[in-house]
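**Student:** Contents are compact mmCIF, C-alpha atoms; file name structure39.txt:
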# COMPACT_ATOMS: atom_id res chain seq x y z
CA MET A 1 -21.98 15.50 -16.99
CA SER A 2 -23.72 12.28 -17.89
CA GLY A 3 -25.45 11.79 -14.55
CA THR A 4 -23.20 8.94 -13.40
CA THR A 5 -22.31 8.85 -9.74
CA TRP A 6 -19.13 6.80 -10.21
CA SER A 7 -16.58 8.41 -7.91
CA VAL A 8 -13.54 8.06 -10.19
CA LEU A 9 -13.50 11.68 -11.42
CA LEU A 10 -13.85 13.04 -7.88
CA VAL A 11 -11.15 10.68 -6.66
CA LYS A 12 -8.72 11.59 -9.46
CA ASP A 13 -9.25 15.31 -8.77
CA ALA A 14 -8.79 14.73 -5.01
CA VAL A 15 -5.56 12.76 -5.53
CA ILE A 16 -4.18 15.52 -7.75
CA ALA A 17 -5.18 18.21 -5.21
CA LEU A 18 -3.57 16.18 -2.43
CA LEU A 19 -0.33 15.85 -4.40
CA ASP A 20 -0.35 19.52 -5.45
CA ALA A 21 -0.57 20.50 -1.77
CA ALA A 22 2.13 18.04 -0.60
CA THR A 23 5.54 19.14 0.65
CA TRP A 24 8.12 17.99 -1.89
CA PRO A 25 11.82 17.53 -1.22
CA GLY A 26 13.52 19.36 -4.05
CA SER A 27 11.24 20.39 -6.89
CA LYS A 28 7.63 19.29 -7.28
CA PRO A 29 7.21 16.75 -10.10
CA GLN A 30 4.79 17.25 -12.97
CA ILE A 31 1.39 15.91 -11.85
CA SER A 32 -1.09 15.10 -14.61
CA PHE A 33 -4.66 13.91 -15.02
CA GLY A 34 -4.01 11.10 -17.49
CA ILE A 35 -0.99 10.77 -19.73
CA PRO A 36 0.36 14.19 -20.76
CA ARG A 37 1.35 14.93 -24.34
CA THR A 38 4.81 15.91 -23.10
CA ILE A 39 6.32 14.44 -19.96
CA GLU A 40 8.87 16.21 -17.81
CA ARG A 41 11.97 14.59 -16.25
CA GLU A 42 9.98 13.92 -13.06
CA ALA A 43 6.30 13.12 -13.39
CA ILE A 44 3.35 11.52 -11.67
CA VAL A 45 0.53 10.34 -13.92
CA VAL A 46 -2.92 9.74 -12.41
CA GLY A 47 -4.35 7.26 -14.90
CA GLY A 48 -7.32 4.99 -15.40
CA THR A 49 -8.82 2.18 -13.36
CA THR A 50 -8.61 -1.60 -13.18
CA ASN A 51 -10.61 -4.28 -11.39
CA SER A 52 -13.63 -2.03 -10.89
CA ASP A 53 -16.70 -3.40 -9.16
CA GLN A 54 -19.98 -1.94 -7.96
CA ASP A 55 -22.35 -3.67 -5.57
CA TRP A 56 -25.76 -2.03 -5.43
CA SER A 57 -27.76 -1.95 -2.22
CA LEU A 58 -31.10 -3.71 -1.88
CA LEU A 59 -33.68 -3.58 -4.63
CA GLY A 60 -34.78 -0.01 -5.19
CA GLY A 61 -31.83 1.41 -3.27
CA ARG A 62 -29.72 4.11 -4.81
CA ARG A 63 -26.55 3.52 -2.77
CA ARG A 64 -23.78 1.21 -3.81
CA GLN A 65 -20.36 0.01 -2.75
CA GLU A 66 -17.52 0.83 -5.15
CA ASP A 67 -14.23 -1.02 -5.19
CA TYR A 68 -11.56 -0.21 -7.79
CA TYR A 69 -7.88 0.42 -8.38
CA LEU A 70 -6.76 3.80 -9.71
CA GLN A 71 -3.50 3.44 -11.66
CA LEU A 72 -0.60 5.84 -11.07
CA TRP A 73 2.93 6.04 -12.45
CA ILE A 74 5.97 7.88 -11.21
CA ASN A 75 8.58 8.40 -13.90
CA VAL A 76 12.02 9.90 -13.26
CA GLU A 77 14.90 10.50 -15.66
CA HIS A 78 18.37 11.17 -14.24
CA THR A 79 22.06 10.96 -15.17
CA THR A 80 22.58 7.66 -13.29
CA GLN A 81 20.29 4.72 -12.63
CA ARG A 82 20.81 4.99 -8.89
CA GLU A 83 19.82 8.68 -8.82
CA ALA A 84 16.74 8.02 -10.96
CA THR A 85 15.62 5.15 -8.71
CA GLU A 86 16.34 7.02 -5.47
CA ARG A 87 14.30 10.02 -6.64
CA ALA A 88 11.40 7.83 -7.81
CA VAL A 89 11.31 6.11 -4.41
CA GLU A 90 11.50 9.51 -2.68
CA ILE A 91 8.50 10.73 -4.72
CA LEU A 92 6.57 7.57 -3.84
CA GLY A 93 7.30 8.31 -0.17
CA VAL A 94 5.63 11.71 -0.50
CA VAL A 95 2.58 10.11 -2.15
CA GLU A 96 2.40 7.48 0.63
CA THR A 97 2.69 10.11 3.38
CA ALA A 98 0.02 12.34 1.83
CA LEU A 99 -2.39 9.44 1.36
CA ARG A 100 -1.78 8.04 4.85
CA ALA A 101 -2.54 11.48 6.33
CA THR A 102 -5.79 11.78 4.36
CA PRO A 103 -7.06 8.26 3.50
CA ASN A 104 -10.57 9.57 2.73
CA LEU A 105 -9.05 12.11 0.29
CA GLY A 106 -10.15 15.20 2.15
CA GLY A 107 -13.75 14.07 2.50
CA VAL A 108 -14.29 12.88 -1.08
CA LEU A 109 -14.77 9.40 0.34
CA PRO A 110 -17.23 9.07 3.23
CA VAL A 111 -15.93 8.51 6.75
CA GLY A 112 -15.01 4.83 7.16
CA GLN A 113 -14.14 4.48 3.47
CA TRP A 114 -10.55 4.76 2.27
CA ALA A 115 -7.92 4.83 -0.42
CA GLU A 116 -4.57 3.07 0.01
CA ILE A 117 -1.50 2.25 -2.09
CA ARG A 118 -1.26 -1.26 -3.50
CA ASN A 119 0.90 -3.24 -5.95
CA PRO A 120 4.00 -1.03 -6.34
CA LEU A 121 6.32 -2.15 -9.14
CA LEU A 122 9.74 -0.65 -9.96
CA THR A 123 11.04 -0.74 -13.53
CA GLU A 124 14.51 0.59 -14.36
CA GLY A 125 16.45 1.08 -17.56
CA PRO A 126 18.49 3.34 -19.78
CA GLY A 127 16.68 5.88 -21.90
CA THR A 128 18.02 7.59 -25.00
CA GLU A 129 19.89 10.31 -23.07
CA SER A 130 19.49 9.35 -19.41
CA TYR A 131 18.46 6.58 -17.03
CA GLU A 132 14.84 6.06 -16.10
CA ALA A 133 13.04 4.67 -13.09
CA GLU A 134 9.31 4.08 -13.18
CA ILE A 135 7.20 3.04 -10.22
CA SER A 136 3.73 1.97 -11.18
CA PHE A 137 1.20 1.42 -8.41
CA ASP A 138 -2.49 1.44 -7.67
CA ILE A 139 -4.56 3.38 -5.24
CA HIS A 140 -7.20 0.96 -3.98
CA VAL A 141 -10.46 2.84 -3.50
CA LYS A 142 -13.37 1.55 -1.44
CA ALA A 143 -16.36 3.84 -1.21
CA ARG A 144 -20.05 3.69 -0.42
CA ILE A 145 -21.80 6.11 -2.73
Would it be possible to restate this file's structure as structure tokens?
**Tutor:**
Amino acid sequence: MSGTTWSVLLVKDAVIALLDAATWPGSKPQISFGIPRTIEREAIVVGGTTNSDQDWSLLGGRRRQEDYYLQLWINVEHTTQREATERAVEILGVVETALRATPNLGGVLPVGQWAEIRNPLLTEGPGTESYEAEISFDIHVKARI
């Protein structure tokens, strides 16, 4: 490791662990750290960050406040648009429930710090052999490191 204390790697691993342990209606979707080389018919991608900021404590201090958005995508392919969209929304519901139950990501974020879903966006359309629904959203992370 490079010696950085930026929490993004810990947070990505914690989000994936949280989703791996979740109770899924039907089958569990593919869950990947970054964009996979091959994507299954139902997938959750835990991607990069946007709008990252770090505020360091007083001069000489080693603690800082982190504030960033971790990007995630849910992608579903199905035989009809309605079924693809319904399943994507159902998967988002599992993510929301898991995150609401553990907003500090199982202790990765200190008590009083949190992660929450922000900016969901639904995109729908026909694919080459099926219909697709994609929900992109951010997990807003606030942490004092």
**Student:** Which protein, DNA or RNA residues are at most 8 Å from (1.7, -0.6, -4.9) in the file's coordinates when you count all atoms listed in the file, listed as JSON, numbers by chain?
**Tutor:** {"A": [117, 118, 119, 120, 121, 136, 137, 138, 139]}
**Student:** Would you kindly return, as a ChimeraX atom specification, each protein, DNA or RNA residue with an atom no farther than 10 Å from any atom of Glu129 in chain A, considering only C-alpha atoms and excluding same-chain residues fewer than 4 positions away?
**Tutor:** /A:77-79
**Student:** Just to confirm, what's the straight-line distance from CA of Pro126 in chain A to CA of Thr80 in chain A in Å (one decimal)?
**Tutor:**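 Separating CA of Pro126 in chain A from CA of Thr80 in chain A is a distance of 8.8 Å.
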**Student:** Between CA of Tyr69 in chain A and CA of Glu124 in chain A, measure the distance and give it in Å to one decimal.
**Tutor:**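 Answer for the CA of Tyr69 in chain A to CA of Glu124 in chain A separation: 23.2 Å.
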**Student:** My list of candidates is A:Glu116, A:Glu86, A:Glu66, A:Glu96. Which is closest to Glu134 in chain A when distances are computed with only C-alpha atoms?
**Tutor:**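 That would be A:Glu86, the residue with the smallest distance to Glu134 in chain A.
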**Student:** Using CA of Val15 in chain A and CA of Gly125 in chain A as the two end points, give the distance in Å to one decimal.
**Tutor:**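 That distance, rounded to one decimal, is 27.7 Å.
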**Student:** Between A:Ile74, A:Leu122, A:Val46, A:Leu9, which is the closest to Val94 in chain A once you count only C-alpha atoms?
**Tutor:**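 The answer is A:Ile74, which sits nearest to Val94 in chain A.
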**Student:** For Val95 in chain A, list every protein, DNA or RNA residue within 9 Å, evaluated using all atoms listed in the file, and leave out those in the same chain fewer than 4 positions away; present the list as a count of residues only.
**Tutor:** 8
**Student:** Using all atoms listed in the file for the distances, tell me which of A:Trp6, A:Val11, A:Thr97, A:Arg87 is nearest to Gly26 in chain A.
**Tutor:** A:Arg87
**Student:** Write out as an MDAnalysis selection string which residues come within 12 Å of Thr123 in chain A when counting all atoms listed in the file, dropping same-chain ones fewer than 5 positions away.
**Tutor:** chainID A and resid 73:76 81 84:85 88:89 131:137
**Student:** Using all atoms listed in the file, which of A:Asp67, A:Asp20, A:Glu40, A:Glu83 sits nearest Ala115 in chain A?
**Tutor:**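 Smallest separation from Ala115 in chain A among the options: A:Asp67.
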**Student:** Would you compute the box with edges along x, y and z of the file around range 133-141 of chain A, including every atom the file lists for it and 5 Å extra on each side, and give its centre and edge lengths in Å to one decimal, as lines of an AutoDock Vina configuration file?
**Tutor:**
center_x = 1.3
center_y = 2.8
center_z = -8.3
size_x = 33.5
size_y = 13.7
size_z = 19.7
**Student:** Can you pull out the residues contacting Ile31 in chain A? Cut-off 9 Å, using only C-alpha atoms, and skip same-chain residues under 2 positions away; I want them as a count of residues only.
**Tutor:** 11
